[in-house]
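File shown here: work_14.txt, holding compact mmCIF, C-alpha atoms.
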```txt
# COMPACT_ATOMS: atom_id res chain seq x y z
CA MET A 1 18.02 13.71 -60.39
CA ARG A 2 14.71 15.26 -59.47
CA GLU A 3 14.70 16.69 -55.93
CA ILE A 4 11.54 15.95 -53.92
CA LEU A 5 11.37 17.92 -50.68
CA ILE A 6 8.88 16.97 -47.94
CA ILE A 7 8.24 19.50 -45.15
CA GLY A 8 7.11 17.67 -42.02
CA GLY A 9 7.57 14.10 -40.81
CA GLY A 10 4.12 13.50 -39.33
CA TYR A 11 1.53 11.06 -40.66
CA ALA A 12 1.18 12.54 -44.13
CA GLY A 13 4.88 13.29 -44.57
CA PHE A 14 6.07 9.92 -43.28
CA TYR A 15 3.64 7.93 -45.44
CA THR A 16 4.49 10.04 -48.49
CA ALA A 17 8.21 9.35 -48.11
CA TRP A 18 7.60 5.69 -47.26
CA GLY A 19 5.38 5.26 -50.32
CA LEU A 20 7.84 7.03 -52.63
CA GLU A 21 10.60 4.67 -51.53
CA LYS A 22 8.45 1.75 -52.63
CA ARG A 23 7.30 3.28 -55.91
CA LEU A 24 10.31 5.15 -57.28
CA ARG A 25 13.44 3.61 -58.71
CA ARG A 26 16.72 4.77 -57.21
CA ALA A 27 17.66 6.82 -60.28
CA GLU A 28 14.31 8.63 -60.53
CA ALA A 29 14.51 11.11 -57.64
CA ASN A 30 16.17 12.13 -54.40
CA VAL A 31 13.70 12.38 -51.53
CA THR A 32 14.42 14.64 -48.53
CA ILE A 33 12.22 15.05 -45.45
CA ILE A 34 12.68 17.96 -43.01
CA ASP A 35 11.41 17.80 -39.44
CA PRO A 36 12.76 19.06 -36.10
CA ARG A 37 12.06 15.66 -34.51
CA PRO A 38 13.74 12.46 -35.73
CA TYR A 39 10.53 10.47 -35.46
CA MET A 40 6.86 10.40 -36.38
CA THR A 41 4.56 10.54 -33.35
CA TYR A 42 1.65 8.11 -33.51
CA GLN A 43 -0.68 10.49 -31.71
CA PRO A 44 -3.59 8.06 -31.05
CA PHE A 45 -1.25 6.31 -28.60
CA LEU A 46 -0.49 9.47 -26.59
CA PRO A 47 -3.43 8.98 -24.17
CA GLU A 48 -2.16 5.47 -23.45
CA VAL A 49 1.37 6.83 -22.98
CA VAL A 50 -0.18 9.20 -20.42
CA ALA A 51 -1.66 6.18 -18.62
CA GLY A 52 1.47 4.06 -18.96
CA SER A 53 -0.31 1.49 -21.15
CA VAL A 54 2.08 2.14 -24.05
CA GLU A 55 5.80 2.79 -23.76
CA ALA A 56 6.71 6.30 -24.89
CA ARG A 57 9.29 5.07 -27.41
CA HIS A 58 6.72 2.76 -28.99
CA ALA A 59 4.50 5.73 -29.90
CA ALA A 60 7.40 7.19 -31.89
CA VAL A 61 8.41 5.76 -35.27
CA SER A 62 12.04 6.50 -36.18
CA LEU A 63 12.38 8.29 -39.51
CA ARG A 64 15.95 7.16 -40.13
CA ARG A 65 15.24 3.53 -39.29
CA HIS A 66 12.23 3.14 -41.57
CA LEU A 67 13.00 5.66 -44.35
CA ARG A 68 16.17 4.01 -45.57
CA ARG A 69 16.41 5.76 -48.96
CA THR A 70 15.21 9.17 -47.78
CA ARG A 71 17.52 11.91 -46.58
CA VAL A 72 16.36 13.08 -43.15
CA VAL A 73 17.18 16.67 -42.19
CA ALA A 74 16.76 17.70 -38.55
CA GLY A 75 15.48 21.25 -38.70
CA THR A 76 12.51 23.57 -39.06
CA VAL A 77 11.40 25.22 -42.29
CA THR A 78 10.89 28.92 -41.56
CA GLU A 79 10.00 30.15 -45.04
CA ILE A 80 8.75 28.75 -48.36
CA ARG A 81 9.56 30.75 -51.49
CA HIS A 82 8.05 28.82 -54.35
CA ALA A 83 8.90 31.60 -56.79
CA ASP A 84 12.56 30.64 -56.20
CA ARG A 85 11.86 26.90 -55.68
CA ALA A 86 13.57 27.19 -52.30
CA VAL A 87 12.92 26.92 -48.57
CA THR A 88 14.80 28.30 -45.56
CA VAL A 89 15.85 25.68 -43.00
CA ARG A 90 16.71 26.45 -39.38
CA PRO A 91 18.77 23.61 -37.85
CA ALA A 92 19.01 22.90 -34.13
CA THR A 93 22.48 24.46 -34.15
CA GLY A 94 24.17 26.72 -36.67
CA PRO A 95 22.89 29.36 -39.07
CA ASP A 96 19.86 29.12 -41.35
CA TYR A 97 20.46 27.83 -44.87
CA GLN A 98 18.57 27.36 -48.15
CA MET A 99 17.42 24.17 -49.83
CA SER A 100 16.10 23.99 -53.38
CA TYR A 101 13.60 21.54 -54.84
CA ASP A 102 11.85 20.44 -58.01
CA THR A 103 8.81 18.96 -56.26
CA LEU A 104 7.52 20.27 -52.93
CA VAL A 105 5.28 18.39 -50.48
CA VAL A 106 3.93 20.44 -47.55
CA THR A 107 2.83 18.23 -44.64
CA ALA A 108 4.08 20.47 -41.84
CA GLY A 109 1.28 19.56 -39.44
CA ALA A 110 -0.60 21.75 -37.03
CA VAL A 111 0.59 23.34 -33.79
CA THR A 112 -1.20 23.64 -30.46
CA ARG A 113 -3.61 26.56 -30.43
CA THR A 114 -3.37 28.73 -27.33
CA PHE A 115 -4.95 31.94 -26.08
CA PRO A 116 -3.57 34.78 -23.91
CA ILE A 117 -5.00 33.35 -20.68
CA PRO A 118 -3.15 34.47 -17.52
CA GLY A 119 -0.96 31.67 -16.19
CA LEU A 120 -1.61 29.27 -19.07
CA ARG A 121 1.89 29.26 -20.57
CA GLU A 122 3.51 28.98 -17.13
CA GLN A 123 1.31 26.16 -15.77
CA ALA A 124 -0.13 24.01 -18.56
CA PHE A 125 1.13 21.01 -20.52
CA GLY A 126 0.14 20.34 -24.11
CA LEU A 127 -0.79 16.88 -25.40
CA LYS A 128 0.62 16.71 -28.89
CA HIS A 129 4.04 15.11 -28.47
CA VAL A 130 5.48 12.09 -26.68
CA GLU A 131 7.52 14.25 -24.31
CA GLU A 132 4.37 16.01 -23.11
CA ALA A 133 2.51 12.73 -22.52
CA VAL A 134 5.41 11.37 -20.47
CA ALA A 135 5.66 14.58 -18.43
CA ILE A 136 1.91 14.50 -17.66
CA ARG A 137 2.13 10.92 -16.40
CA ASP A 138 5.21 11.64 -14.29
CA ARG A 139 3.60 14.75 -12.82
CA LEU A 140 0.56 12.75 -11.66
CA LEU A 141 2.70 9.96 -10.16
CA THR A 142 4.96 12.46 -8.39
CA SER A 143 1.92 14.34 -7.08
CA PHE A 144 0.59 11.16 -5.48
CA ASP A 145 3.99 10.53 -3.86
CA HIS A 146 4.11 14.04 -2.42
CA ALA A 147 0.44 14.13 -1.39
CA ALA A 148 0.85 10.89 0.56
CA THR A 149 3.36 12.65 2.87
CA LEU A 150 1.19 15.72 3.54
CA PRO A 151 -1.65 16.12 6.03
CA PRO A 152 -5.13 16.83 4.63
CA GLY A 153 -5.38 20.44 3.52
CA PRO A 154 -5.16 22.84 0.57
CA ALA A 155 -1.64 21.77 -0.51
CA ARG A 156 -2.58 18.10 -0.60
CA ARG A 157 -5.88 18.83 -2.34
CA LYS A 158 -4.10 20.85 -5.05
CA LEU A 159 -1.66 18.02 -5.78
CA LEU A 160 -4.57 15.61 -6.29
CA THR A 161 -6.55 17.91 -8.62
CA VAL A 162 -6.21 17.54 -12.40
CA THR A 163 -7.72 19.84 -15.04
CA PHE A 164 -8.03 19.15 -18.77
CA VAL A 165 -9.12 21.97 -21.07
CA GLY A 166 -10.66 20.78 -24.35
CA GLY A 167 -13.37 18.23 -25.02
CA GLY A 168 -12.21 16.92 -28.38
CA PHE A 169 -10.76 13.46 -28.93
CA SER A 170 -7.31 14.34 -27.61
CA GLY A 171 -8.63 15.93 -24.44
CA VAL A 172 -11.32 13.35 -23.66
CA GLU A 173 -9.08 10.35 -24.32
CA GLY A 174 -6.20 11.79 -22.30
CA PHE A 175 -8.60 12.72 -19.50
CA GLY A 176 -10.21 9.28 -19.40
CA GLU A 177 -6.89 7.43 -19.44
CA LEU A 178 -5.34 9.61 -16.71
CA LEU A 179 -8.49 9.21 -14.59
CA SER A 180 -8.15 5.45 -15.02
CA LEU A 181 -4.50 5.62 -13.89
CA ALA A 182 -5.37 7.75 -10.86
CA THR A 183 -8.11 5.30 -9.84
CA ALA A 184 -5.64 2.41 -10.07
CA LEU A 185 -3.05 4.34 -8.01
CA LEU A 186 -5.44 4.58 -5.07
CA LYS A 187 -4.91 0.88 -4.40
CA ARG A 188 -1.19 1.58 -3.87
CA TYR A 189 -1.71 4.69 -1.73
CA PRO A 190 -3.86 3.78 1.29
CA GLU A 191 -3.08 7.21 2.76
CA ILE A 192 -5.19 8.86 0.02
CA GLY A 193 -8.96 8.58 -0.10
CA GLU A 194 -10.94 8.34 -3.32
CA GLU A 195 -12.86 11.51 -2.43
CA GLU A 196 -9.59 13.50 -2.34
CA VAL A 197 -8.82 12.96 -6.04
CA SER A 198 -10.54 15.55 -8.23
CA PHE A 199 -10.62 15.55 -12.06
CA HIS A 200 -12.09 18.45 -14.08
CA LEU A 201 -12.79 18.49 -17.84
CA VAL A 202 -13.50 21.95 -19.28
CA GLU A 203 -15.19 22.43 -22.66
CA ALA A 204 -16.33 25.73 -24.19
CA ARG A 205 -19.16 24.13 -26.17
CA GLY A 206 -22.28 22.46 -24.87
CA ARG A 207 -21.02 18.95 -25.65
CA ILE A 208 -17.83 16.93 -25.95
CA LEU A 209 -16.53 14.72 -28.78
CA PRO A 210 -18.14 16.63 -31.68
CA GLU A 211 -17.25 13.77 -34.07
CA VAL A 212 -19.84 11.49 -32.43
CA GLY A 213 -23.58 12.05 -32.11
CA ASP A 214 -25.33 13.94 -29.34
CA ARG A 215 -26.53 10.85 -27.48
CA PRO A 216 -23.17 9.01 -27.53
CA GLY A 217 -21.46 12.27 -26.48
CA GLY A 218 -23.94 12.62 -23.61
CA TRP A 219 -23.25 9.03 -22.57
CA VAL A 220 -19.52 9.78 -22.39
CA VAL A 221 -20.21 12.72 -20.04
CA GLN A 222 -22.40 10.53 -17.83
CA SER A 223 -19.77 7.79 -17.82
CA LEU A 224 -17.01 10.18 -16.75
CA GLU A 225 -19.16 11.75 -14.04
CA ALA A 226 -20.10 8.29 -12.73
CA ARG A 227 -16.36 7.72 -12.22
CA GLY A 228 -16.12 10.86 -10.08
CA ALA A 229 -15.07 13.40 -12.72
CA HIS A 230 -16.44 16.93 -13.04
CA VAL A 231 -17.37 17.92 -16.61
CA HIS A 232 -17.78 21.69 -17.13
CA LEU A 233 -19.67 22.32 -20.39
CA ASN A 234 -20.23 25.80 -21.86
CA SER A 235 -17.26 26.90 -19.78
CA GLN A 236 -13.93 28.54 -20.57
CA LEU A 237 -10.66 28.81 -18.70
CA MET A 238 -10.26 32.43 -17.58
CA SER A 239 -7.09 32.18 -15.47
CA ALA A 240 -4.56 29.62 -14.27
CA VAL A 241 -2.12 31.82 -12.35
CA ASP A 242 -0.08 29.74 -9.89
CA GLY A 243 -2.34 26.77 -10.61
CA HIS A 244 -5.48 28.54 -9.39
CA VAL A 245 -8.11 27.72 -12.01
CA VAL A 246 -10.89 30.22 -12.66
CA LEU A 247 -13.68 29.19 -15.05
CA SER A 248 -16.26 31.33 -16.80
CA ASN A 249 -19.06 29.42 -15.02
CA GLY A 250 -17.86 30.80 -11.68
CA SER A 251 -15.98 27.70 -10.50
CA GLU A 252 -12.58 28.22 -8.84
CA PHE A 253 -10.14 25.63 -7.51
CA ASP A 254 -6.41 24.94 -7.22
CA SER A 255 -5.02 22.38 -9.65
CA GLY A 256 -1.59 20.76 -9.52
CA LEU A 257 -1.80 19.53 -13.12
CA ILE A 258 -3.33 21.46 -16.03
CA VAL A 259 -3.43 20.00 -19.55
CA TRP A 260 -4.34 22.15 -22.55
CA ALA A 261 -5.98 20.18 -25.37
CA ALA A 262 -8.22 22.87 -26.83
CA GLY A 263 -7.51 22.36 -30.51
CA ASN A 264 -4.90 23.06 -33.16
CA ALA A 265 -3.78 26.00 -35.27
CA SER A 266 -2.14 26.04 -38.68
CA ASN A 267 1.64 25.86 -38.79
CA PRO A 268 3.22 29.36 -38.75
CA VAL A 269 5.31 28.68 -41.86
CA VAL A 270 2.14 27.92 -43.81
CA HIS A 271 0.06 30.66 -42.25
CA ASN A 272 2.58 33.51 -42.42
CA HIS A 273 5.75 32.62 -44.34
CA THR A 274 4.91 31.30 -47.77
CA ASP A 275 3.94 32.63 -51.20
CA LEU A 276 1.66 29.64 -51.76
CA PRO A 277 -2.12 30.29 -51.64
CA VAL A 278 -3.79 29.96 -48.22
CA ASP A 279 -7.41 30.33 -47.18
CA GLU A 280 -8.95 32.46 -44.43
CA ARG A 281 -7.99 29.86 -41.80
CA GLY A 282 -4.34 29.88 -42.83
CA LEU A 283 -4.54 26.48 -44.56
CA LEU A 284 -3.08 25.74 -47.97
CA VAL A 285 -5.65 25.77 -50.77
CA VAL A 286 -5.62 22.23 -52.16
CA ARG A 287 -7.37 20.53 -55.05
CA ALA A 288 -9.03 17.12 -54.83
CA ASP A 289 -5.92 15.40 -56.22
CA LEU A 290 -3.83 17.02 -53.39
CA THR A 291 -2.03 19.50 -55.64
CA VAL A 292 -1.88 23.03 -54.27
CA GLY A 293 -4.13 25.45 -56.15
CA THR A 294 -7.72 26.33 -56.89
CA GLU A 295 -10.24 24.33 -58.91
CA THR A 296 -9.28 26.26 -62.03
CA VAL A 297 -5.55 26.83 -61.52
CA ALA A 298 -3.07 24.30 -60.13
CA ILE A 299 0.51 25.02 -59.08
CA PRO A 300 2.67 22.39 -60.80
CA ASN A 301 4.80 20.10 -58.63
CA VAL A 302 3.48 21.42 -55.30
CA TRP A 303 1.44 19.08 -53.11
CA ALA A 304 -0.03 19.27 -49.62
CA ALA A 305 -1.93 17.07 -47.18
CA GLY A 306 -2.71 16.66 -43.50
CA ASP A 307 -3.66 19.26 -40.90
CA ASP A 308 -2.31 22.24 -42.89
CA ALA A 309 -4.22 21.50 -46.08
CA ALA A 310 -7.82 22.40 -46.89
CA VAL A 311 -8.51 19.18 -48.81
CA PRO A 312 -11.95 18.92 -50.47
CA ASP A 313 -14.05 16.14 -48.93
CA LEU A 314 -15.65 14.54 -51.96
CA ALA A 315 -17.40 11.97 -49.78
CA VAL A 316 -19.42 14.74 -48.08
CA GLY A 317 -20.14 17.16 -50.91
CA PRO A 318 -19.29 20.54 -52.47
CA GLY A 319 -17.58 23.01 -50.16
CA ALA A 320 -16.75 20.42 -47.48
CA ARG A 321 -13.18 19.93 -46.26
CA THR A 322 -11.66 16.84 -44.66
CA VAL A 323 -11.34 17.04 -40.89
CA PRO A 324 -7.79 17.12 -39.48
CA ASN A 325 -7.41 13.61 -38.08
CA ALA A 326 -5.03 10.68 -38.39
CA GLN A 327 -7.38 8.65 -40.56
CA HIS A 328 -7.32 11.25 -43.34
CA ALA A 329 -3.63 12.16 -42.96
CA VAL A 330 -2.45 8.57 -43.36
CA ARG A 331 -4.58 7.95 -46.43
CA GLN A 332 -3.67 11.28 -47.98
CA GLY A 333 0.03 10.51 -47.49
CA LYS A 334 -0.36 7.16 -49.24
CA LEU A 335 -2.21 8.80 -52.14
CA LEU A 336 0.39 11.58 -52.36
CA ALA A 337 3.14 9.02 -52.97
CA LYS A 338 1.04 7.34 -55.64
CA ASN A 339 0.14 10.63 -57.35
CA ILE A 340 3.68 12.03 -57.33
CA ALA A 341 5.04 8.83 -58.88
CA ALA A 342 2.22 8.81 -61.43
CA THR A 343 2.74 12.41 -62.57
CA MET A 344 6.50 11.87 -62.87
CA ARG A 345 5.74 9.07 -65.33
CA GLY A 346 3.20 11.05 -67.32
CA ARG A 347 0.05 9.58 -65.77
CA ARG A 348 -2.89 11.37 -64.20
CA ALA A 349 -3.19 11.94 -60.45
CA GLN A 350 -6.18 10.47 -58.63
CA ASP A 351 -8.62 12.47 -56.50
CA TYR A 352 -8.75 11.84 -52.77
CA LYS A 353 -12.03 10.33 -51.66
CA HIS A 354 -12.35 8.39 -48.47
CA ARG A 355 -15.43 7.46 -46.51
CA SER A 356 -15.04 7.40 -42.75
CA LEU A 357 -14.59 4.03 -41.10
CA GLY A 358 -16.26 5.44 -38.00
CA VAL A 359 -14.78 6.98 -34.87
CA VAL A 360 -13.47 5.17 -31.82
CA ALA A 361 -12.13 6.55 -28.56
CA THR A 362 -10.62 5.12 -25.40
CA LEU A 363 -11.99 6.40 -22.09
CA GLY A 364 -9.62 4.47 -19.86
CA LEU A 365 -8.69 0.85 -19.27
CA GLY A 366 -11.57 -1.33 -20.43
CA ARG A 367 -13.75 1.63 -21.45
CA GLY A 368 -14.40 3.11 -24.87
CA ILE A 369 -16.93 4.25 -27.43
CA PHE A 370 -17.29 3.52 -31.15
CA GLN A 371 -19.71 5.02 -33.66
CA TYR A 372 -20.26 4.26 -37.33
CA ARG A 373 -23.27 6.15 -38.64
CA ARG A 374 -26.10 4.99 -36.36
CA LEU A 375 -24.21 2.04 -34.90
CA VAL A 376 -22.87 2.84 -31.42
CA ILE A 377 -20.82 0.42 -29.30
CA LYS A 378 -19.85 1.26 -25.73
CA GLY A 379 -17.67 -0.07 -22.95
CA LEU A 380 -15.26 -3.01 -23.18
CA PRO A 381 -16.08 -4.04 -26.80
CA ALA A 382 -15.38 -0.48 -28.02
CA TRP A 383 -12.14 -0.36 -26.04
CA LEU A 384 -11.01 -3.64 -27.62
CA MET A 385 -11.92 -2.25 -31.05
CA HIS A 386 -9.83 0.85 -30.29
CA ARG A 387 -6.79 -1.23 -29.41
CA GLY A 388 -7.27 -3.59 -32.32
CA TYR A 389 -7.63 -0.81 -34.86
CA HIS A 390 -4.62 1.17 -33.69
CA VAL A 391 -2.25 -1.75 -33.34
CA LEU A 392 -3.06 -2.54 -36.98
CA ALA A 393 -2.77 1.12 -38.01
CA VAL A 394 0.57 1.96 -36.36
CA PRO A 395 3.22 1.70 -39.10
CA THR A 396 5.75 -1.14 -39.31
CA TRP A 397 5.54 -4.65 -37.87
CA GLU A 398 8.34 -3.82 -35.46
CA ARG A 399 6.15 -1.23 -33.70
CA LYS A 400 3.07 -3.49 -33.72
CA VAL A 401 4.97 -6.29 -31.99
CA ARG A 402 6.48 -3.96 -29.38
CA VAL A 403 3.09 -2.43 -28.50
CA LEU A 404 1.41 -5.85 -28.27
CA ALA A 405 4.21 -7.09 -25.99
CA VAL A 406 3.67 -4.18 -23.58
CA TRP A 407 -0.10 -4.76 -23.53
CA LEU A 408 0.33 -8.46 -22.80
CA THR A 409 2.85 -7.74 -20.04
CA ALA A 410 0.49 -5.19 -18.46
CA ALA A 411 -2.38 -7.70 -18.62
CA LEU A 412 -0.28 -10.17 -16.61
CA PHE A 413 1.48 -7.88 -14.13
CA GLY A 414 -0.49 -4.60 -14.16
CA ARG A 415 0.68 -1.08 -14.94
CA ASP A 416 4.12 0.22 -14.09
CA ILE A 417 3.63 3.12 -11.65
CA VAL A 418 7.22 4.35 -11.36
CA SER A 419 7.69 8.07 -11.95
CA LEU A 420 10.80 9.15 -13.81
CA ALA A 421 10.18 12.88 -13.49
CA SER A 422 13.80 13.35 -12.46
CA VAL A 423 14.97 12.55 -16.01
CA GLN A 424 13.69 16.00 -16.99
CA HIS A 425 16.56 17.41 -14.87
CA PRO A 426 19.24 14.70 -15.21
CA ARG A 427 22.13 16.77 -13.79
CA GLN A 428 20.33 17.79 -10.61
CA ALA A 429 21.50 14.75 -8.62
CA PHE A 430 25.07 15.20 -9.86
CA LEU A 431 25.14 18.87 -8.88
CA SER A 432 23.49 18.45 -5.47
CA HIS A 433 25.44 15.40 -4.21
CA GLY A 434 28.90 15.90 -2.80
CA GLU A 435 28.58 19.70 -2.79
CA PRO A 436 31.00 21.29 -0.26
CA ARG A 437 29.61 23.67 2.32
CA GLU A 438 31.16 25.74 5.09
CA GLN A 439 30.62 24.78 8.72
CA ASP A 440 32.46 26.18 11.74
CA GLY A 441 35.11 27.76 9.55
CA SER A 442 35.96 24.52 7.75
CA LEU A 443 34.69 22.73 4.68
CA GLU A 444 32.35 19.79 5.06
CA VAL A 445 31.29 17.55 2.14
CA THR A 446 27.61 16.68 2.17
CA ALA A 447 26.58 13.14 1.42
CA GLY A 448 23.48 14.35 -0.39
```
Give the structure from the file, written as structure tokens.
Amino acid sequence: MREILIIGGGYAGFYTAWGLEKRLRRAEANVTIIDPRPYMTYQPFLPEVVAGSVEARHAAVSLRRHLRRTRVVAGTVTEIRHADRAVTVRPATGPDYQMSYDTLVVTAGAVTRTFPIPGLREQAFGLKHVEEAVAIRDRLLTSFDHAATLPPGPARRKLLTVTFVGGGFSGVEGFGELLSLATALLKRYPEIGEEEVSFHLVEARGRILPEVGDRPGGWVVQSLEARGAHVHLNSQLMSAVDGHVVLSNGSEFDSGLIVWAAGNASNPVVHNHTDLPVDERGLLVVRADLTVGTETVAIPNVWAAGDDAAVPDLAVGPGARTVPNAQHAVRQGKLLAKNIAATMRGRRAQDYKHRSLGVVATLGLGRGIFQYRRLVIKGLPAWLMHRGYHVLAVPTWERKVRVLAVWLTAALFGRDIVSLASVQHPRQAFLSHGEPREQDGSLEVTAG
């Protein structure tokens, strides 16, 4: 049978495989999806995972559970050689091996873009995966626990200082949700004063949330500052060595938690390790029907979508490309499945054209902003729209019900503020308890 190989199990890859299962008969093709993680991360829920409003597992959609007719391969594609119709796969364990294909779908997704800033790699967390969101939340909760036992001073102040770098949707939403969590924690920590908690948002441009207009973006800044946050516009992170933050505007302070959300870069396999055509940004050159190729020459049986594809935006005009967001990736994945099935049966592929439904962002519990053209909605109504849209958008009814259940439970009993940071080092308790030590020439067993 025809071998369809999908590189990447994110939005576009998951929806392509899911759609092919519904459209293709069992004897038409074998579908294989390759991804190092066994789940698709629903990234719009990551800020709420940071705040504890969504369970971490509920922001992850299992590939094996929901792709029942698709072969799932746990590994990373390190090279694409379309001339040989083959890719190189690097599994978690064992040597690299080759996989061949008849039809290739590249939806590898983007990676976090970083810069050679001193201390950044040693101190900062990203905000692209569930594990990172959980670690950020646990770090804040643990910092409050430790700060409550310290006297006022530099060490305590550092623990209660949080810095987010990047004023796009990911950074602003994560910042707003974590600020909301920190404000709620103050009720449980009478030892800590509101003035001791310090939140800093750093953005290199003169505004945040570029997807919304200037006035709504300005309102978001004012809203965050009214809640006690410090927003540094036209500023860049210069150093983060040992948690000491130095900004280009001259500000310096110690920060116990640093989150890097300053944009994405194209996947290395697409940018550097493929013989498929890429543009100056390292993105695959894609036609309007999502086939890889130029307007005049298409590469048969090779498709691409999502963050690594320069997809023409027909709704905007000539030369425009779709922005890398979940709204486009989901719809491109659905169209990919339809187009692949159509071309296999001798029909013509459709062009991708989608008009934006608007943009909506959460800024913390009960706070949000929505914009559709000139219509702007702020505060609680926008926050409710954000939750309503995303609970409808997250794939599968099983995940929708689980997320709704957590929200309803939180509405009745409040957030769960237990830190499980110790799960990041699960053997530490086992190794430290019951360890023998010498005392007065004899062995004594510590109780731990």
*So which residues touch A:Val269 within 8 Å, counting only C-alpha atoms, skipping near sequence neighbours fewer than 5 positions away, as a ChimeraX atom specification?*
/A:77-80,274
*Gap from atom CA of A:Gly213 to atom CA of A:Val376 - Å, one decimal*: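 Spanning atom CA of A:Gly213 to atom CA of A:Val376 is a straight-line distance of 9.3 Å.
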*So which one's closest to A:Gln123, A:Val105, A:Leu150, A:Leu284, A:Ile136? Using all atoms listed in the file, please.*
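Nearest to A:Gln123: A:Ile136.
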*Which one is closest to A:Leu67: A:Glu21, A:Glu191, A:Glu28, A:Glu203? Count all atoms listed in the file.*
A:Glu21
*asked:* Please determine, counting only C-alpha atoms, which residue among A:Ala86, A:Leu375, A:Val403, A:Ala92 has the shortest atom-to-atom distance to A:Arg37.
replied: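 Closest candidate: A:Ala92.
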*Computed interatomic separation between atom CA of A:Val270 and atom CA of A:Ala108 (Å)*: 7.9 Å
Starting from the incomplete input, reconstruct N, CA and C atoms of stretch 412-426 of chain A and write that as a short mmCIF file (atom, residue, chain, number, x, y, z; two decimals), keeping the file's coordinate frame.
```
data_model
loop_
_atom_site.label_atom_id
_atom_site.label_comp_id
_atom_site.auth_asym_id
_atom_site.auth_seq_id
_atom_site.Cartn_x
_atom_site.Cartn_y
_atom_site.Cartn_z
N LEU A 412 -0.74 -9.17 -17.57
CA LEU A 412 -0.28 -10.17 -16.61
C LEU A 412 0.15 -9.57 -15.28
N PHE A 413 0.85 -8.42 -15.34
CA PHE A 413 1.48 -7.88 -14.13
C PHE A 413 0.93 -6.51 -13.71
N GLY A 414 0.03 -5.92 -14.49
CA GLY A 414 -0.49 -4.60 -14.16
C GLY A 414 0.39 -3.48 -14.68
N ARG A 415 -0.06 -2.24 -14.46
CA ARG A 415 0.68 -1.08 -14.94
C ARG A 415 1.96 -0.86 -14.13
N ASP A 416 2.92 -0.24 -14.78
CA ASP A 416 4.12 0.22 -14.09
C ASP A 416 3.82 1.62 -13.55
N ILE A 417 3.99 1.83 -12.25
CA ILE A 417 3.63 3.12 -11.65
C ILE A 417 4.85 3.87 -11.14
N VAL A 418 6.00 3.64 -11.75
CA VAL A 418 7.22 4.35 -11.36
C VAL A 418 7.29 5.69 -12.10
N SER A 419 7.51 6.75 -11.35
CA SER A 419 7.69 8.07 -11.95
C SER A 419 9.16 8.31 -12.24
N LEU A 420 9.44 8.79 -13.44
CA LEU A 420 10.80 9.15 -13.81
C LEU A 420 10.89 10.65 -14.10
N ALA A 421 10.19 11.43 -13.28
CA ALA A 421 10.18 12.88 -13.49
C ALA A 421 11.58 13.47 -13.39
N SER A 422 12.45 12.81 -12.64
CA SER A 422 13.80 13.35 -12.46
C SER A 422 14.61 13.35 -13.76
N VAL A 423 14.21 12.56 -14.76
CA VAL A 423 14.97 12.55 -16.01
C VAL A 423 14.83 13.88 -16.75
N GLN A 424 13.83 14.68 -16.37
CA GLN A 424 13.69 16.00 -16.99
C GLN A 424 14.77 16.96 -16.50
N HIS A 425 15.44 16.61 -15.40
CA HIS A 425 16.56 17.41 -14.87
C HIS A 425 17.68 16.43 -14.50
N PRO A 426 18.31 15.81 -15.50
CA PRO A 426 19.24 14.70 -15.21
C PRO A 426 20.49 15.10 -14.44
#
```
